[in-house]
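Note: the block below is query-v3.cif and it holds mmCIF, C-alpha atoms, pLDDT in the B column; chains and numbers go by the auth columns.
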data_structure
loop_
_atom_site.group_PDB
_atom_site.id
_atom_site.type_symbol
_atom_site.label_atom_id
_atom_site.label_comp_id
_atom_site.label_asym_id
_atom_site.label_seq_id
_atom_site.Cartn_x
_atom_site.Cartn_y
_atom_site.Cartn_z
_atom_site.B_iso_or_equiv
_atom_site.auth_seq_id
_atom_site.auth_asym_id
ATOM 1 C CA MET A 1 113.153 159.088 35.152 52.00 643 A
ATOM 2 C CA SER A 2 116.295 157.279 34.035 65.00 644 A
ATOM 3 C CA LYS A 3 118.765 155.595 36.370 75.00 645 A
ATOM 4 C CA ILE A 4 121.479 157.892 37.678 81.00 646 A
ATOM 5 C CA ARG A 5 124.820 157.314 35.999 90.00 647 A
ATOM 6 C CA SER A 6 127.763 156.088 38.045 90.00 648 A
ATOM 7 C CA PHE A 7 130.927 158.112 38.544 91.00 649 A
ATOM 8 C CA LYS A 8 132.713 155.730 36.149 92.00 650 A
ATOM 9 C CA GLN A 9 130.075 156.237 33.454 94.00 651 A
ATOM 10 C CA LEU A 10 130.297 160.035 33.801 95.00 652 A
ATOM 11 C CA LEU A 11 134.097 159.841 33.748 93.00 653 A
ATOM 12 C CA ASP A 12 134.017 157.840 30.503 94.00 654 A
ATOM 13 C CA ILE A 13 131.673 160.370 28.891 95.00 655 A
ATOM 14 C CA ALA A 14 133.753 163.330 30.092 95.00 656 A
ATOM 15 C CA GLN A 15 136.956 161.856 28.682 93.00 657 A
ATOM 16 C CA ILE A 16 135.443 161.938 25.198 93.00 658 A
ATOM 17 C CA TYR A 17 135.189 165.721 25.478 93.00 659 A
ATOM 18 C CA THR A 18 138.331 166.533 27.472 92.00 660 A
ATOM 19 C CA LYS A 19 141.037 164.588 25.655 88.00 661 A
ATOM 20 C CA GLN A 20 141.796 167.573 23.408 83.00 662 A
ATOM 21 C CA PHE A 21 142.269 169.985 26.327 85.00 663 A
ATOM 22 C CA THR A 22 145.862 170.878 27.086 82.00 664 A
ATOM 23 C CA SER A 23 145.370 173.587 29.704 79.00 665 A
ATOM 24 C CA PHE A 24 143.930 173.324 33.194 79.00 666 A
ATOM 25 C CA PRO A 25 141.349 174.343 34.248 86.00 667 A
ATOM 26 C CA CYS A 26 139.676 173.571 30.941 90.00 668 A
ATOM 27 C CA ASN A 27 138.159 176.246 28.729 92.00 669 A
ATOM 28 C CA PRO A 28 134.365 175.953 28.356 96.00 670 A
ATOM 29 C CA PHE A 29 134.283 178.139 25.240 95.00 671 A
ATOM 30 C CA LEU A 30 136.394 175.625 23.303 93.00 672 A
ATOM 31 C CA LEU A 31 133.946 172.856 24.125 95.00 673 A
ATOM 32 C CA CYS A 32 130.933 175.065 23.312 96.00 674 A
ATOM 33 C CA THR A 33 132.461 175.790 19.920 95.00 675 A
ATOM 34 C CA GLN A 34 133.171 172.098 19.302 93.00 676 A
ATOM 35 C CA LEU A 35 129.578 171.213 20.209 95.00 677 A
ATOM 36 C CA GLN A 36 128.197 174.137 18.191 95.00 678 A
ATOM 37 C CA ILE A 37 126.640 175.728 21.277 97.00 679 A
ATOM 38 C CA SER A 38 126.588 179.521 21.224 96.00 680 A
ATOM 39 C CA PHE A 39 127.333 181.435 24.398 97.00 681 A
ATOM 40 C CA LYS A 40 126.213 184.868 25.494 97.00 682 A
ATOM 41 C CA VAL A 41 126.750 187.059 28.550 97.00 683 A
ATOM 42 C CA ARG A 42 124.100 188.539 30.855 95.00 684 A
ATOM 43 C CA SER A 43 123.571 191.780 28.901 95.00 685 A
ATOM 44 C CA GLN A 44 122.953 189.788 25.723 96.00 686 A
ATOM 45 C CA ALA A 45 120.465 187.592 27.602 95.00 687 A
ATOM 46 C CA VAL A 46 118.513 190.649 28.724 95.00 688 A
ATOM 47 C CA GLU A 47 118.517 191.908 25.131 95.00 689 A
ATOM 48 C CA ASP A 48 117.451 188.519 23.687 93.00 690 A
ATOM 49 C CA PHE A 49 114.671 188.131 26.273 93.00 691 A
ATOM 50 C CA ALA A 50 113.180 191.598 25.612 93.00 692 A
ATOM 51 C CA GLY A 51 114.434 193.274 28.750 89.00 693 A
ATOM 52 C CA THR A 52 113.851 190.344 31.085 91.00 694 A
ATOM 53 C CA ASN A 53 116.901 188.851 32.777 91.00 695 A
ATOM 54 C CA PRO A 54 116.663 185.029 32.690 93.00 696 A
ATOM 55 C CA LEU A 55 119.734 184.866 34.943 95.00 697 A
ATOM 56 C CA ILE A 56 118.039 186.400 38.000 92.00 698 A
ATOM 57 C CA SER A 57 117.996 183.157 39.988 92.00 699 A
ATOM 58 C CA THR A 58 120.739 181.164 38.277 94.00 700 A
ATOM 59 C CA PRO A 59 124.246 181.926 36.993 96.00 701 A
ATOM 60 C CA ALA A 60 123.704 180.144 33.644 97.00 702 A
ATOM 61 C CA ILE A 61 121.025 178.555 31.497 97.00 703 A
ATOM 62 C CA LEU A 62 120.984 176.299 28.460 97.00 704 A
ATOM 63 C CA TYR A 63 118.428 177.659 26.008 96.00 705 A
ATOM 64 C CA LYS A 64 117.111 175.597 23.100 93.00 706 A
ATOM 65 C CA GLU A 65 116.033 177.659 20.101 89.00 707 A
ATOM 66 C CA SER A 66 113.329 176.015 18.078 85.00 708 A
ATOM 67 C CA GLY A 67 113.535 175.713 14.332 80.00 709 A
ATOM 68 C CA LYS A 68 114.080 173.138 11.647 77.00 710 A
ATOM 69 C CA VAL A 69 117.383 172.343 13.310 81.00 711 A
ATOM 70 C CA PRO A 70 117.328 173.240 16.986 80.00 712 A
ATOM 71 C CA SER A 71 120.256 175.278 18.184 93.00 713 A
ATOM 72 C CA TYR A 72 121.489 175.874 21.701 96.00 714 A
ATOM 73 C CA ILE A 73 122.749 178.933 23.537 97.00 715 A
ATOM 74 C CA ILE A 74 124.308 179.075 26.971 97.00 716 A
ATOM 75 C CA TYR A 75 123.570 182.380 28.650 97.00 717 A
ATOM 76 C CA PHE A 76 125.838 183.034 31.622 97.00 718 A
ATOM 77 C CA ASP A 77 126.499 185.712 34.209 97.00 719 A
ATOM 78 C CA GLU A 78 130.104 186.654 33.629 96.00 720 A
ATOM 79 C CA THR A 79 130.216 188.369 37.033 95.00 721 A
ATOM 80 C CA SER A 80 129.531 185.096 38.857 94.00 722 A
ATOM 81 C CA MET A 81 132.573 183.873 40.767 94.00 723 A
ATOM 82 C CA TYR A 82 132.192 180.398 39.270 96.00 724 A
ATOM 83 C CA TRP A 83 131.024 181.289 35.764 97.00 725 A
ATOM 84 C CA ARG A 84 133.321 178.706 34.119 96.00 726 A
ATOM 85 C CA PHE A 85 131.864 175.909 36.283 97.00 727 A
ATOM 86 C CA TYR A 86 128.309 176.959 35.480 98.00 728 A
ATOM 87 C CA ILE A 87 128.970 176.964 31.739 98.00 729 A
ATOM 88 C CA PHE A 88 130.337 173.420 32.063 98.00 730 A
ATOM 89 C CA HIS A 89 127.258 172.543 34.139 98.00 731 A
ATOM 90 C CA GLU A 90 125.030 173.597 31.225 98.00 732 A
ATOM 91 C CA ILE A 91 127.258 171.756 28.739 98.00 733 A
ATOM 92 C CA ALA A 92 126.834 168.676 30.951 97.00 734 A
ATOM 93 C CA HIS A 93 123.046 168.903 30.631 97.00 735 A
ATOM 94 C CA TYR A 94 123.522 169.027 26.849 97.00 736 A
ATOM 95 C CA VAL A 95 125.957 166.094 26.493 97.00 737 A
ATOM 96 C CA LEU A 96 123.984 163.950 28.945 96.00 738 A
ATOM 97 C CA GLY A 97 120.714 164.590 27.087 94.00 739 A
ATOM 98 C CA HIS A 98 118.915 165.945 30.139 95.00 740 A
ATOM 99 C CA THR A 99 115.349 167.096 29.616 90.00 741 A
ATOM 100 C CA SER A 100 114.369 168.403 33.053 88.00 742 A
ATOM 101 C CA ASP A 101 115.795 170.087 36.117 83.00 743 A
ATOM 102 C CA SER A 102 115.263 167.080 38.385 91.00 744 A
ATOM 103 C CA LEU A 103 117.502 166.634 41.394 92.00 745 A
ATOM 104 C CA GLN A 104 119.061 163.581 39.735 92.00 746 A
ATOM 105 C CA GLU A 105 119.913 165.496 36.561 95.00 747 A
ATOM 106 C CA GLU A 106 121.285 168.435 38.559 94.00 748 A
ATOM 107 C CA GLN A 107 123.545 166.116 40.563 94.00 749 A
ATOM 108 C CA GLU A 108 124.823 164.481 37.385 95.00 750 A
ATOM 109 C CA ALA A 109 125.400 167.872 35.745 96.00 751 A
ATOM 110 C CA ASN A 110 127.340 169.132 38.780 96.00 752 A
ATOM 111 C CA LEU A 111 129.632 166.110 38.825 96.00 753 A
ATOM 112 C CA MET A 112 130.038 166.147 35.046 97.00 754 A
ATOM 113 C CA ALA A 113 130.917 169.866 35.204 97.00 755 A
ATOM 114 C CA CYS A 114 133.707 168.998 37.640 97.00 756 A
ATOM 115 C CA LEU A 115 134.952 166.237 35.336 96.00 757 A
ATOM 116 C CA LEU A 116 134.939 168.641 32.387 97.00 758 A
ATOM 117 C CA ILE A 117 136.586 171.609 34.097 96.00 759 A
ATOM 118 C CA ALA A 118 139.157 169.501 35.964 95.00 760 A
ATOM 119 C CA PRO A 119 139.625 166.143 34.201 93.00 761 A
ATOM 120 C CA LYS A 120 140.752 163.405 36.559 90.00 762 A
ATOM 121 C CA ASN A 121 143.761 162.444 34.432 87.00 763 A
ATOM 122 C CA LYS A 122 144.961 166.057 34.155 88.00 764 A
ATOM 123 C CA LEU A 123 144.782 167.143 37.794 90.00 765 A
ATOM 124 C CA PRO A 124 148.078 168.599 39.046 90.00 766 A
ATOM 125 C CA THR A 125 149.669 166.515 41.787 90.00 767 A
ATOM 126 C CA TYR A 126 150.126 169.558 44.015 93.00 768 A
ATOM 127 C CA LEU A 127 146.372 169.720 44.674 94.00 769 A
ATOM 128 C CA LYS A 128 146.143 168.164 48.127 94.00 770 A
ATOM 129 C CA ASN A 129 142.472 168.585 49.029 95.00 771 A
ATOM 130 C CA ALA A 130 139.068 169.788 47.851 96.00 772 A
ATOM 131 C CA LYS A 131 139.794 173.357 48.883 97.00 773 A
ATOM 132 C CA ASP A 132 142.886 173.417 46.629 96.00 774 A
ATOM 133 C CA LEU A 133 140.771 172.021 43.780 96.00 775 A
ATOM 134 C CA SER A 134 138.025 174.580 44.396 97.00 776 A
ATOM 135 C CA LEU A 135 140.420 177.508 44.401 96.00 777 A
ATOM 136 C CA PHE A 136 142.468 176.387 41.430 94.00 778 A
ATOM 137 C CA ALA A 137 139.659 175.240 39.129 95.00 779 A
ATOM 138 C CA GLU A 138 137.091 177.767 40.387 96.00 780 A
ATOM 139 C CA ILE A 139 134.598 175.094 41.389 97.00 781 A
ATOM 140 C CA PRO A 140 132.136 175.871 44.216 97.00 782 A
ATOM 141 C CA ILE A 141 133.500 174.187 47.345 97.00 783 A
ATOM 142 C CA ALA A 142 130.522 171.847 47.860 96.00 784 A
ATOM 143 C CA TYR A 143 130.954 170.390 44.365 96.00 785 A
ATOM 144 C CA ALA A 144 134.748 170.303 44.680 97.00 786 A
ATOM 145 C CA GLU A 145 134.374 168.297 47.899 95.00 787 A
ATOM 146 C CA GLU A 146 131.983 165.834 46.299 94.00 788 A
ATOM 147 C CA TYR A 147 134.286 165.418 43.284 96.00 789 A
ATOM 148 C CA TRP A 148 137.358 165.075 45.515 95.00 790 A
ATOM 149 C CA ASN A 149 135.615 162.346 47.487 93.00 791 A
ATOM 150 C CA TYR A 150 134.749 160.461 44.290 92.00 792 A
ATOM 151 C CA LEU A 151 138.341 160.773 43.123 92.00 793 A
ATOM 152 C CA HIS A 152 139.677 159.406 46.385 88.00 794 A
ATOM 153 C CA ASN A 153 136.926 156.821 47.021 82.00 795 A
ATOM 154 C CA LYS A 154 135.861 158.507 50.232 65.00 796 A
ATOM 155 C CA LEU A 155 132.163 158.274 49.524 52.00 797 A
ATOM 156 C CA ILE A 156 130.153 156.032 51.788 48.00 798 A
ATOM 157 C CA LYS A 157 128.512 153.398 49.639 48.00 799 A
ATOM 158 C CA PRO A 158 125.014 152.049 50.438 45.00 800 A
ATOM 159 C CA LYS A 159 126.456 148.684 51.592 49.00 801 A
ATOM 160 C CA MET A 160 128.794 150.530 53.977 49.00 802 A
ATOM 161 C CA ILE A 161 125.855 152.544 55.337 45.00 803 A
ATOM 162 C CA PHE A 162 123.933 149.297 55.943 48.00 804 A
ATOM 163 C CA ASN A 163 126.939 147.765 57.752 53.00 805 A
ATOM 164 C CA ILE A 164 127.338 150.901 59.879 51.00 806 A
ATOM 165 C CA MET A 165 123.634 150.819 60.772 55.00 807 A
ATOM 166 C CA ILE A 166 123.875 147.120 61.780 61.00 808 A
ATOM 167 C CA SER A 167 126.949 147.886 63.909 59.00 809 A
ATOM 168 C CA VAL A 168 125.154 150.756 65.646 57.00 810 A
ATOM 169 C CA CYS A 169 122.158 148.513 66.339 55.00 811 A
ATOM 170 C CA ILE A 170 124.400 145.786 67.787 68.00 812 A
ATOM 171 C CA LEU A 171 126.222 148.319 69.966 59.00 813 A
ATOM 172 C CA THR A 172 122.901 149.706 71.168 62.00 814 A
ATOM 173 C CA VAL A 173 121.726 146.215 72.160 60.00 815 A
ATOM 174 C CA ILE A 174 125.017 145.538 73.961 69.00 816 A
ATOM 175 C CA LEU A 175 124.769 148.838 75.846 61.00 817 A
ATOM 176 C CA ASP A 176 121.169 148.041 76.776 59.00 818 A
ATOM 177 C CA ILE A 177 122.210 144.603 78.102 70.00 819 A
ATOM 178 C CA VAL A 178 125.103 146.105 80.109 59.00 820 A
ATOM 179 C CA SER A 179 122.822 148.826 81.494 60.00 821 A
ATOM 180 C CA PHE A 180 120.200 146.256 82.433 58.00 822 A
ATOM 181 C CA ALA A 181 122.832 144.044 84.099 61.00 823 A
ATOM 182 C CA LEU A 182 124.099 147.027 86.124 64.00 824 A
ATOM 183 C CA ILE A 183 120.559 147.832 87.228 67.00 825 A
ATOM 184 C CA LEU A 184 119.999 144.214 88.336 66.00 826 A
ATOM 185 C CA SER A 185 123.288 144.080 90.231 68.00 827 A
ATOM 186 C CA ASN A 186 122.336 147.127 92.349 63.00 828 A
#
Would you write the structure of this file as structure tokens?
Amino acid sequence: MSKIRSFKQLLDIAQIYTKQFTSFPCNPFLLCTQLQISFKVRSQAVEDFAGTNPLISTPAILYKESGKVPSYIIYFDETSMYWRFYIFHEIAHYVLGHTSDSLQEEQEANLMACLLIAPKNKLPTYLKNAKDLSLFAEIPIAYAEEYWNYLHNKLIKPKMIFNIMISVCILTVILDIVSFALILSN
């Protein structure tokens, strides 16, 4: 398993693909076309998979067709509330070279999808919180919140967690000493 990419690394990769976008939220079909990835809706997926719906448990999939030159198709459920996000999620797997559905790769794809659908440098200033971002860009709220926190450096970093844990331990010891002193004084 490869090391998870940082927010800055994902941002740099996303900017390669989003610099040509002029509208917000970004259009996943333009990027699919640029990357030569076909896209098909649910009914076409059922037809291509001989009556089986590959979108039963997921709103989109990236399918690799084998051949001399492999080609890719994103099948998506156009009735999903966040279909645009999920197409970008599958594009993220493609541009990041993911080969599995590991938790690490899913987390990267979710954040990259946010960066692709709502590029940091193109966010309207009237978006005041993650809920605004979620509603405007049609990003599921959990991913919009994570992205918003990255954008505004509100994520707790490992060093901060360590410092918080040390502080809690020190406070616990102090409280124990005070409690013990009170018990002795009675």
Closest atom pairs, region 774-800 of chain A residues within 9 Å of region 749-766 of chain A, only C-alpha atoms, as a Markdown table:
| residue | atom | partner | partner_atom | distance |
| --- | --- | --- | --- | --- |
| A:Leu775 | CA | A:Ala760 | CA | 8.4 |
| A:Ala779 | CA | A:Ala760 | CA | 6.6 |
| A:Glu780 | CA | A:Ile759 | CA | 8.8 |
| A:Ile781 | CA | A:Cys756 | CA | 7.2 |
| A:Tyr785 | CA | A:Asn752 | CA | 6.8 |
| A:Ala786 | CA | A:Cys756 | CA | 7.2 |
| A:Glu788 | CA | A:Leu753 | CA | 7.8 |
| A:Tyr789 | CA | A:Leu753 | CA | 6.5 |
| A:Leu793 | CA | A:Lys762 | CA | 7.5 |
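Taking CA of Ala656 (chain A) and CA of Pro701 (chain A) as the two end points, the separation is 22.0 Å.
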Q: Tell me, in Å to one decimal, how far CA of Gln657 (chain A) is from CA of Gln676 (chain A).
A: 14.4 Å
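For the set A:Arg726, A:Lys773, A:His735, A:His740, the residue with the smallest atom-to-atom gap to Val683 (chain A) is A:Arg726, counting all atoms listed in the file.
Put simply, CA of Phe691 (chain A) is 21.1 Å away from CA of Gln678 (chain A).
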Q.
To test your reading of the syntax: which residues would the PyMOL selection byres ((chain A and resi 681) around 9) return for the file shown? Reply as number ranges by chain.
A. A: 671, 674-675, 679-680, 682-683, 714-718, 729
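With only C-alpha atoms as the atoms that count, the minimum distance from His794 (chain A) to the choices A:Glu748, A:Phe649, A:Asn695, A:Tyr659 is reached by A:Phe649.
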**Q.** Nearest-residue call for Glu707 (chain A), choices A:Glu720, A:Glu787, A:Asp690, A:Phe663, using only C-alpha atoms
**A.** A:Asp690
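Distance annotation: of A:Ser665, A:Gln746, A:Thr660, A:Thr741, the residue with the minimal separation from Leu704 (chain A) is A:Thr741; atom set is only C-alpha atoms.
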Supply region 755-766 of chain A as a compact mmCIF listing (two decimals), in the coordinates of the input, with all heavy atoms built in where the input has gaps.
# COMPACT_ATOMS: atom_id res chain seq x y z
N ALA A 755 130.24 168.57 35.33
CA ALA A 755 130.92 169.87 35.20
C ALA A 755 132.30 169.80 35.84
O ALA A 755 133.27 170.31 35.27
CB ALA A 755 130.08 170.98 35.84
N CYS A 756 132.40 169.16 36.99
CA CYS A 756 133.71 169.00 37.64
C CYS A 756 134.65 168.18 36.77
O CYS A 756 135.83 168.51 36.62
CB CYS A 756 133.55 168.33 39.00
SG CYS A 756 132.74 169.34 40.25
N LEU A 757 134.13 167.09 36.20
CA LEU A 757 134.95 166.24 35.34
C LEU A 757 135.41 166.96 34.08
O LEU A 757 136.49 166.71 33.56
CB LEU A 757 134.17 164.98 34.95
CG LEU A 757 133.96 163.96 36.06
CD1 LEU A 757 132.83 163.00 35.72
CD2 LEU A 757 135.25 163.21 36.34
N LEU A 758 134.58 167.89 33.59
CA LEU A 758 134.94 168.64 32.39
C LEU A 758 135.92 169.77 32.69
O LEU A 758 136.84 170.02 31.90
CB LEU A 758 133.68 169.21 31.73
CG LEU A 758 132.71 168.19 31.12
CD1 LEU A 758 131.41 168.86 30.70
CD2 LEU A 758 133.34 167.45 29.96
N ILE A 759 135.73 170.47 33.78
CA ILE A 759 136.59 171.61 34.10
C ILE A 759 137.94 171.15 34.65
O ILE A 759 138.96 171.81 34.44
CB ILE A 759 135.89 172.57 35.09
CG1 ILE A 759 136.59 173.93 35.10
CG2 ILE A 759 135.84 172.02 36.49
CD1 ILE A 759 135.81 175.00 35.87
N ALA A 760 137.93 170.01 35.34
CA ALA A 760 139.16 169.50 35.96
C ALA A 760 139.25 167.99 35.75
O ALA A 760 138.99 167.20 36.65
CB ALA A 760 139.15 169.83 37.45
N PRO A 761 139.59 167.58 34.51
CA PRO A 761 139.62 166.14 34.20
C PRO A 761 140.53 165.37 35.15
O PRO A 761 141.63 165.83 35.48
CB PRO A 761 140.18 166.10 32.77
CG PRO A 761 139.90 167.45 32.21
CD PRO A 761 139.98 168.40 33.37
N LYS A 762 140.04 164.23 35.59
CA LYS A 762 140.75 163.40 36.56
C LYS A 762 142.20 163.15 36.14
O LYS A 762 143.11 163.28 36.94
CB LYS A 762 140.01 162.08 36.73
CG LYS A 762 140.67 161.11 37.67
CD LYS A 762 139.93 159.80 37.74
CE LYS A 762 140.68 158.84 38.63
NZ LYS A 762 140.09 157.52 38.66
N ASN A 763 142.42 162.80 34.89
CA ASN A 763 143.76 162.44 34.43
C ASN A 763 144.67 163.65 34.19
O ASN A 763 145.84 163.49 33.87
CB ASN A 763 143.68 161.59 33.17
CG ASN A 763 143.00 162.30 32.02
OD1 ASN A 763 142.28 163.28 32.23
ND2 ASN A 763 143.21 161.81 30.81
N LYS A 764 144.15 164.86 34.37
CA LYS A 764 144.96 166.06 34.16
C LYS A 764 145.12 166.91 35.41
O LYS A 764 145.63 168.02 35.35
CB LYS A 764 144.36 166.89 33.03
CG LYS A 764 144.40 166.17 31.69
CD LYS A 764 143.87 166.98 30.56
CE LYS A 764 143.99 166.13 29.31
NZ LYS A 764 143.30 166.64 28.18
N LEU A 765 144.69 166.37 36.56
CA LEU A 765 144.78 167.14 37.79
C LEU A 765 146.24 167.25 38.23
O LEU A 765 146.95 166.24 38.28
CB LEU A 765 143.97 166.48 38.92
CG LEU A 765 142.46 166.54 38.79
CD1 LEU A 765 141.81 165.75 39.91
CD2 LEU A 765 141.97 167.97 38.80
N PRO A 766 146.70 168.45 38.55
CA PRO A 766 148.08 168.60 39.05
C PRO A 766 148.25 167.86 40.38
O PRO A 766 147.34 167.83 41.20
CB PRO A 766 148.23 170.11 39.25
CG PRO A 766 147.12 170.74 38.50
CD PRO A 766 146.02 169.74 38.43
